[in-house]
file my_file-v1.cif (mmCIF, C-alpha atoms)
data_entry
#
loop_
_atom_site.group_PDB
_atom_site.id
_atom_site.type_symbol
_atom_site.label_atom_id
_atom_site.label_comp_id
_atom_site.auth_asym_id
_atom_site.auth_seq_id
_atom_site.Cartn_x
_atom_site.Cartn_y
_atom_site.Cartn_z
ATOM 1 C CA MET A 1 0.000 0.000 0.000
ATOM 2 C CA GLY A 2 1.215 3.501 -0.771
ATOM 3 C CA HIS A 3 1.614 5.960 2.042
ATOM 4 C CA ILE A 4 1.730 9.706 2.618
ATOM 5 C CA MET A 5 4.317 11.588 4.650
ATOM 6 C CA GLU A 6 5.022 15.244 5.353
ATOM 7 C CA PHE A 7 7.535 16.898 2.992
ATOM 8 C CA GLY A 8 7.570 20.418 4.433
ATOM 9 C CA VAL A 9 5.541 23.563 4.903
ATOM 10 C CA ILE A 10 4.909 26.427 2.450
ATOM 11 C CA ASP A 11 3.141 29.594 3.590
ATOM 12 C CA GLY A 12 1.856 27.762 6.661
ATOM 13 C CA LYS A 13 0.387 24.922 4.572
ATOM 14 C CA LYS A 14 1.557 21.321 4.855
ATOM 15 C CA VAL A 15 3.203 19.809 1.767
ATOM 16 C CA GLU A 16 2.836 16.054 1.476
ATOM 17 C CA LEU A 17 4.774 13.338 -0.302
ATOM 18 C CA ALA A 18 2.886 10.359 -1.743
ATOM 19 C CA ILE A 19 5.102 7.276 -1.910
ATOM 20 C CA LEU A 20 4.336 4.175 -3.975
ATOM 21 C CA LYS A 21 6.440 1.006 -4.013
ATOM 22 C CA LYS A 22 6.389 -1.859 -6.508
ATOM 23 C CA GLY A 23 9.029 -4.512 -6.032
ATOM 24 C CA LYS A 24 12.325 -2.678 -5.643
ATOM 25 C CA PHE A 25 11.067 0.501 -7.335
ATOM 26 C CA VAL A 26 9.807 3.594 -5.537
ATOM 27 C CA VAL A 27 8.066 6.725 -6.851
ATOM 28 C CA ALA A 28 7.474 9.795 -4.697
ATOM 29 C CA ILE A 29 5.201 12.636 -5.778
ATOM 30 C CA SER A 30 4.967 15.927 -3.909
ATOM 31 C CA SER A 31 1.724 17.814 -3.441
ATOM 32 C CA PHE A 32 3.685 20.978 -4.297
ATOM 33 C CA GLY A 33 3.422 21.159 -8.072
ATOM 34 C CA SER A 34 2.353 17.523 -8.392
ATOM 35 C CA THR A 35 6.101 17.038 -8.701
ATOM 36 C CA ILE A 36 7.950 13.768 -9.275
ATOM 37 C CA VAL A 37 10.575 13.881 -6.537
ATOM 38 C CA TRP A 38 11.870 10.317 -6.724
ATOM 39 C CA TYR A 39 11.707 7.482 -9.230
ATOM 40 C CA GLY A 40 14.051 4.574 -8.763
ATOM 41 C CA THR A 41 15.191 2.186 -6.081
ATOM 42 C CA LYS A 42 15.872 3.065 -2.462
ATOM 43 C CA ASP A 43 19.550 3.530 -3.418
ATOM 44 C CA ARG A 44 19.282 5.211 -6.830
ATOM 45 C CA ASN A 45 17.055 8.001 -8.119
ATOM 46 C CA TYR A 46 16.615 8.293 -11.890
ATOM 47 C CA VAL A 47 15.237 11.858 -11.800
ATOM 48 C CA THR A 48 16.989 15.074 -10.850
ATOM 49 C CA TYR A 49 15.573 16.230 -7.554
ATOM 50 C CA HIS A 50 15.818 18.552 -4.548
ATOM 51 C CA LYS A 51 16.053 17.147 -1.039
ATOM 52 C CA SER A 52 13.497 19.589 0.391
ATOM 53 C CA VAL A 53 10.310 21.304 -0.745
ATOM 54 C CA GLU A 54 12.096 24.669 -0.452
ATOM 55 C CA GLY A 55 14.334 23.594 -3.320
ATOM 56 C CA TYR A 56 11.282 23.212 -5.561
ATOM 57 C CA VAL A 57 9.793 26.532 -4.464
ATOM 58 C CA ASN A 58 12.976 28.366 -5.459
ATOM 59 C CA ASP A 59 13.665 26.316 -8.622
ATOM 60 C CA SER A 60 13.121 27.965 -12.003
ATOM 61 C CA THR A 61 13.844 24.851 -14.112
ATOM 62 C CA TYR A 62 10.419 23.196 -13.623
ATOM 63 C CA MET A 63 12.289 20.044 -12.612
ATOM 64 C CA GLY A 64 9.753 17.204 -12.211
ATOM 65 C CA LYS A 65 6.812 19.618 -11.961
ATOM 66 C CA THR A 66 3.453 19.322 -13.677
ATOM 67 C CA ILE A 67 3.328 22.003 -16.379
ATOM 68 C CA GLY A 68 0.086 23.758 -17.212
ATOM 69 C CA PRO A 69 -2.328 25.196 -17.984
ATOM 70 C CA TYR A 70 -0.088 25.696 -21.017
ATOM 71 C CA ALA A 71 3.425 24.511 -21.715
ATOM 72 C CA ASN A 72 6.392 25.729 -23.716
ATOM 73 C CA ARG A 73 7.334 29.280 -24.652
ATOM 74 C CA ILE A 74 4.675 31.668 -25.943
ATOM 75 C CA ASN A 75 6.249 34.393 -28.045
ATOM 76 C CA GLY A 76 5.502 37.913 -26.891
ATOM 77 C CA ALA A 77 3.606 36.578 -23.844
ATOM 78 C CA LYS A 78 0.273 36.868 -25.660
ATOM 79 C CA PHE A 79 -1.988 34.940 -27.986
ATOM 80 C CA TYR A 80 -5.212 35.534 -29.879
ATOM 81 C CA VAL A 81 -8.456 33.543 -29.957
ATOM 82 C CA ASP A 82 -11.341 34.758 -32.107
ATOM 83 C CA GLY A 83 -9.748 38.202 -32.323
ATOM 84 C CA ILE A 84 -9.361 38.568 -28.552
ATOM 85 C CA VAL A 85 -5.835 39.077 -27.215
ATOM 86 C CA TYR A 86 -4.862 37.201 -24.040
ATOM 87 C CA LYS A 87 -1.855 38.628 -22.237
ATOM 88 C CA LEU A 88 0.330 36.388 -20.113
ATOM 89 C CA ASP A 89 3.097 36.795 -17.539
ATOM 90 C CA LYS A 90 6.467 37.670 -19.031
ATOM 91 C CA ASN A 91 8.870 35.370 -17.230
ATOM 92 C CA ASP A 92 11.303 34.529 -20.037
ATOM 93 C CA GLY A 93 12.440 37.872 -21.409
ATOM 94 C CA GLU A 94 9.509 39.145 -23.485
ATOM 95 C CA ASN A 95 7.964 35.653 -23.589
ATOM 96 C CA SER A 96 5.892 33.485 -21.278
ATOM 97 C CA LEU A 97 7.326 30.095 -20.322
ATOM 98 C CA HIS A 98 5.195 27.263 -18.878
ATOM 99 C CA SER A 99 2.314 29.530 -17.754
ATOM 100 C CA GLY A 100 4.452 31.980 -15.749
ATOM 101 C CA SER A 101 3.195 32.534 -12.201
ATOM 102 C CA ALA A 102 0.017 30.580 -13.024
ATOM 103 C CA CYS A 103 2.028 27.366 -13.599
ATOM 104 C CA PHE A 104 0.421 24.325 -12.001
ATOM 105 C CA GLY A 105 3.927 23.281 -10.938
ATOM 106 C CA ASN A 106 4.021 26.195 -8.478
ATOM 107 C CA LYS A 107 0.687 25.431 -6.802
ATOM 108 C CA LEU A 108 -0.188 23.303 -3.792
ATOM 109 C CA TRP A 109 -2.226 20.311 -4.927
ATOM 110 C CA THR A 110 -4.427 18.056 -2.784
ATOM 111 C CA ILE A 111 -3.670 14.353 -2.492
ATOM 112 C CA ASP A 112 -7.156 12.875 -2.836
ATOM 113 C CA GLY A 113 -6.257 9.211 -2.644
ATOM 114 C CA ILE A 114 -3.489 6.656 -2.700
ATOM 115 C CA SER A 115 -3.458 2.902 -3.313
ATOM 116 C CA ASP A 116 -0.878 0.230 -4.103
ATOM 117 C CA ASN A 117 -0.283 1.498 -7.638
ATOM 118 C CA MET A 118 -1.877 4.935 -7.963
ATOM 119 C CA VAL A 119 -2.017 8.360 -6.383
ATOM 120 C CA THR A 120 -4.710 10.904 -7.263
ATOM 121 C CA LEU A 121 -4.037 14.627 -6.906
ATOM 122 C CA SER A 122 -6.317 17.560 -7.648
ATOM 123 C CA LEU A 123 -5.959 21.302 -8.090
ATOM 124 C CA CYS A 124 -8.726 23.879 -8.132
ATOM 125 C CA THR A 125 -7.741 26.883 -10.238
ATOM 126 C CA LYS A 126 -9.333 30.338 -10.255
ATOM 127 C CA GLU A 127 -10.944 29.575 -13.610
ATOM 128 C CA GLU A 128 -12.714 26.578 -12.067
ATOM 129 C CA GLY A 129 -13.787 28.394 -8.910
#

call {"tool": "encode", "arguments": {"input": "my_file-v1.cif", "output": "structure tokens"}}
result
Amino acid sequence: MGHIMEFGVIDGKKVELAILKKGKFVVAISSFGSTIVWYGTKDRNYVTYHKSVEGYVNDSTYMGKTIGPYANRINGAKFYVDGIVYKLDKNDGENSLHSGSACFGNKLWTIDGISDNMVTLSLCTKEEG
């Protein structure tokens, strides 16, 4: 059975780590950014990671984080739909990279459930209410 442990605190809110094990392999996913923190065996991690949640808060590389609501670089930090211009955060020079400050990877998710082989996380954004 998977289990949940505390990973740290951000702005007074608890950050959790969901840990799943299958044979000798382990995966750990943080509720901060729905971030893959560990994938490997107990002795070897196959992903680049930080040892604390603070490392992910201060990281600008999006390492292991869930990217969204849009990914990649948007030129000029704006786009058009049906003639309407949508302006985005400029966080990569004059461009917007991985949703800027709205990036799902910089939000605190909720761990809704965990089993032997699955963890379910959710995030309520402003657009959803």

call {"tool": "resolve_selection", "arguments": {"input": "my_file-v1.cif", "expression": "the PyMOL selection byres ((chain A and resi 32) around 7)", "output": "JSON, numbers by chain"}}
result
{"A": [15, 30, 31, 33, 34, 35, 106, 107, 108, 109]}

call {"tool": "resolve_selection", "arguments": {"input": "my_file-v1.cif", "expression": "the PyMOL selection byres ((chain A and resi 49-59) around 9)", "output": "PyMOL selection string"}}
result
chain A and resi 7-10+15+30+32-33+35-38+45+47-48+60-65+106

call {"tool": "residues_near_point", "arguments": {"input": "my_file-v1.cif", "point": "(-1.0, 3.6, -6.4)", "cutoff": "10 Å", "atoms": "all atoms listed in the file", "output": "PyMOL selection string"}}
result
chain A and resi 1-3+18-22+27+113-120

call {"tool": "closest_atom_pairs", "arguments": {"input": "my_file-v1.cif", "of": "segment 31-71 of chain A", "to": "segment 91-99 of chain A", "cutoff": "7 Å", "atoms": "only C-alpha atoms", "output": "Markdown table"}}
result
| residue | atom | partner | partner_atom | distance |
| --- | --- | --- | --- | --- |
| A:Ile67 | CA | A:His98 | CA | 6.1 |
| A:Gly68 | CA | A:Ser99 | CA | 6.2 |
| A:Pro69 | CA | A:Ser99 | CA | 6.4 |
| A:Tyr70 | CA | A:Ser99 | CA | 5.6 |
| A:Ala71 | CA | A:His98 | CA | 4.3 |

call {"tool": "resolve_selection", "arguments": {"input": "my_file-v1.cif", "expression": "the PyMOL selection byres ((chain A and resi 89) around 7)", "output": "PyMOL selection string"}}
result
chain A and resi 77+88+90-91+96+100-101

call {"tool": "write_last_selection", "arguments": {"input": "my_file-v1.cif", "atoms": "C-alpha atoms", "output": "mmCIF file, keeping the file's coordinate frame"}}
result
data_model
loop_
_atom_site.group_PDB
_atom_site.id
_atom_site.type_symbol
_atom_site.label_atom_id
_atom_site.label_comp_id
_atom_site.auth_asym_id
_atom_site.auth_seq_id
_atom_site.Cartn_x
_atom_site.Cartn_y
_atom_site.Cartn_z
ATOM 1 C CA ALA A 77 3.606 36.578 -23.844
ATOM 2 C CA LEU A 88 0.330 36.388 -20.113
ATOM 3 C CA LYS A 90 6.467 37.670 -19.031
ATOM 4 C CA ASN A 91 8.870 35.370 -17.230
ATOM 5 C CA SER A 96 5.892 33.485 -21.278
ATOM 6 C CA GLY A 100 4.452 31.980 -15.749
ATOM 7 C CA SER A 101 3.195 32.534 -12.201
#

call {"tool": "residues_around", "arguments": {"input": "my_file-v1.cif", "residues": "Asp43 of chain A", "least_positions_apart": "4", "cutoff": "10 Å", "atoms": "only C-alpha atoms", "output": "ChimeraX atom specification"}}
result
/A:24-26

call {"tool": "atom_distance", "arguments": {"input": "my_file-v1.cif", "atom1": "atom CA of Lys13 of chain A", "atom2": "atom CA of Lys42 of chain A"}}
result
27.7 Å

call {"tool": "axis_aligned_box", "arguments": {"input": "my_file-v1.cif", "around": "segment 107-113 of chain A", "padding_each_side": "5 Å", "output": "lines of an AutoDock Vina configuration file"}}
result
center_x = -3.2
center_y = 17.3
center_z = -4.6
size_x = 17.8
size_y = 26.2
size_z = 14.3

call {"tool": "decode", "arguments": {"input": "my_file-v1.cif", "residues": "segment 48-60 of chain A", "atoms": "all heavy atoms", "output": "tab-separated table (two decimals), in the first residue's frame"}}
result
chain	number	residue	atom	x	y	z
A	48	THR	N	16.30	14.01	-11.57
A	48	THR	CA	16.99	15.07	-10.85
A	48	THR	C	16.02	15.62	-9.82
A	48	THR	O	14.84	15.83	-10.11
A	48	THR	CB	17.41	16.18	-11.83
A	48	THR	OG1	18.20	15.59	-12.86
A	48	THR	CG2	18.22	17.25	-11.13
A	49	TYR	N	16.49	15.86	-8.62
A	49	TYR	CA	15.57	16.23	-7.55
A	49	TYR	C	16.23	17.15	-6.53
A	49	TYR	O	17.45	17.29	-6.49
A	49	TYR	CB	15.06	14.98	-6.84
A	49	TYR	CG	16.11	14.28	-6.02
A	49	TYR	CD1	16.13	14.42	-4.63
A	49	TYR	CD2	17.08	13.49	-6.61
A	49	TYR	CE1	17.09	13.79	-3.86
A	49	TYR	CE2	18.05	12.85	-5.85
A	49	TYR	CZ	18.05	13.00	-4.47
A	49	TYR	OH	19.00	12.39	-3.72
A	50	HIS	N	15.38	17.78	-5.71
A	50	HIS	CA	15.82	18.55	-4.55
A	50	HIS	C	15.49	17.73	-3.31
A	50	HIS	O	14.50	17.00	-3.29
A	50	HIS	CB	15.08	19.90	-4.47
A	50	HIS	CG	15.39	20.81	-5.61
A	50	HIS	ND1	16.61	21.42	-5.76
A	50	HIS	CD2	14.63	21.22	-6.65
A	50	HIS	CE1	16.59	22.18	-6.85
A	50	HIS	NE2	15.39	22.07	-7.40
A	51	LYS	N	16.26	17.92	-2.27
A	51	LYS	CA	16.05	17.15	-1.04
A	51	LYS	C	14.98	17.74	-0.13
A	51	LYS	O	14.55	17.10	0.81
A	51	LYS	CB	17.37	17.01	-0.27
A	51	LYS	CG	18.36	16.17	-1.03
A	51	LYS	CD	19.64	15.99	-0.26
A	51	LYS	CE	20.58	15.13	-1.09
A	51	LYS	NZ	21.83	14.86	-0.42
A	52	SER	N	14.53	18.96	-0.43
A	52	SER	CA	13.50	19.59	0.39
A	52	SER	C	12.51	20.32	-0.51
A	52	SER	O	12.81	20.65	-1.66
A	52	SER	CB	14.12	20.59	1.37
A	52	SER	OG	14.59	21.72	0.67
A	53	VAL	N	11.33	20.59	0.02
A	53	VAL	CA	10.31	21.30	-0.75
A	53	VAL	C	10.78	22.72	-1.07
A	53	VAL	O	10.44	23.27	-2.12
A	53	VAL	CB	8.95	21.28	-0.03
A	53	VAL	CG1	8.95	22.15	1.20
A	53	VAL	CG2	7.84	21.71	-0.98
A	54	GLU	N	11.59	23.32	-0.20
A	54	GLU	CA	12.10	24.67	-0.45
A	54	GLU	C	12.90	24.72	-1.75
A	54	GLU	O	12.86	25.72	-2.47
A	54	GLU	CB	12.95	25.16	0.72
A	54	GLU	CG	12.17	25.43	1.99
A	54	GLU	CD	11.87	24.17	2.81
A	54	GLU	OE1	12.42	23.08	2.49
A	54	GLU	OE2	11.08	24.26	3.75
A	55	GLY	N	13.59	23.65	-2.06
A	55	GLY	CA	14.33	23.59	-3.32
A	55	GLY	C	13.43	23.71	-4.53
A	55	GLY	O	13.77	24.35	-5.52
A	56	TYR	N	12.24	23.13	-4.45
A	56	TYR	CA	11.28	23.21	-5.56
A	56	TYR	C	10.62	24.59	-5.63
A	56	TYR	O	10.34	25.08	-6.72
A	56	TYR	CB	10.23	22.11	-5.44
A	56	TYR	CG	10.81	20.76	-5.70
A	56	TYR	CD1	11.22	19.94	-4.66
A	56	TYR	CD2	11.01	20.31	-7.00
A	56	TYR	CE1	11.79	18.70	-4.91
A	56	TYR	CE2	11.58	19.08	-7.26
A	56	TYR	CZ	11.97	18.28	-6.21
A	56	TYR	OH	12.55	17.06	-6.45
A	57	VAL	N	10.39	25.20	-4.50
A	57	VAL	CA	9.79	26.53	-4.46
A	57	VAL	C	10.71	27.53	-5.16
A	57	VAL	O	10.26	28.39	-5.91
A	57	VAL	CB	9.51	26.97	-3.01
A	57	VAL	CG1	9.09	28.43	-2.95
A	57	VAL	CG2	8.45	26.09	-2.38
A	58	ASN	N	12.00	27.42	-4.92
A	58	ASN	CA	12.98	28.37	-5.46
A	58	ASN	C	13.56	27.96	-6.80
A	58	ASN	O	14.41	28.65	-7.34
A	58	ASN	CB	14.11	28.57	-4.44
A	58	ASN	CG	13.59	29.14	-3.14
A	58	ASN	OD1	12.77	30.04	-3.14
A	58	ASN	ND2	14.05	28.59	-2.03
A	59	ASP	N	13.11	26.85	-7.37
A	59	ASP	CA	13.66	26.32	-8.62
A	59	ASP	C	12.95	26.91	-9.84
A	59	ASP	O	11.72	26.94	-9.89
A	59	ASP	CB	13.52	24.80	-8.63
A	59	ASP	CG	14.10	24.18	-9.88
A	59	ASP	OD1	15.29	24.40	-10.14
A	59	ASP	OD2	13.36	23.49	-10.60
A	60	SER	N	13.71	27.38	-10.79
A	60	SER	CA	13.12	27.97	-12.00
A	60	SER	C	13.24	27.03	-13.21
A	60	SER	O	12.94	27.43	-14.33
A	60	SER	CB	13.79	29.31	-12.32
A	60	SER	OG	15.16	29.11	-12.58
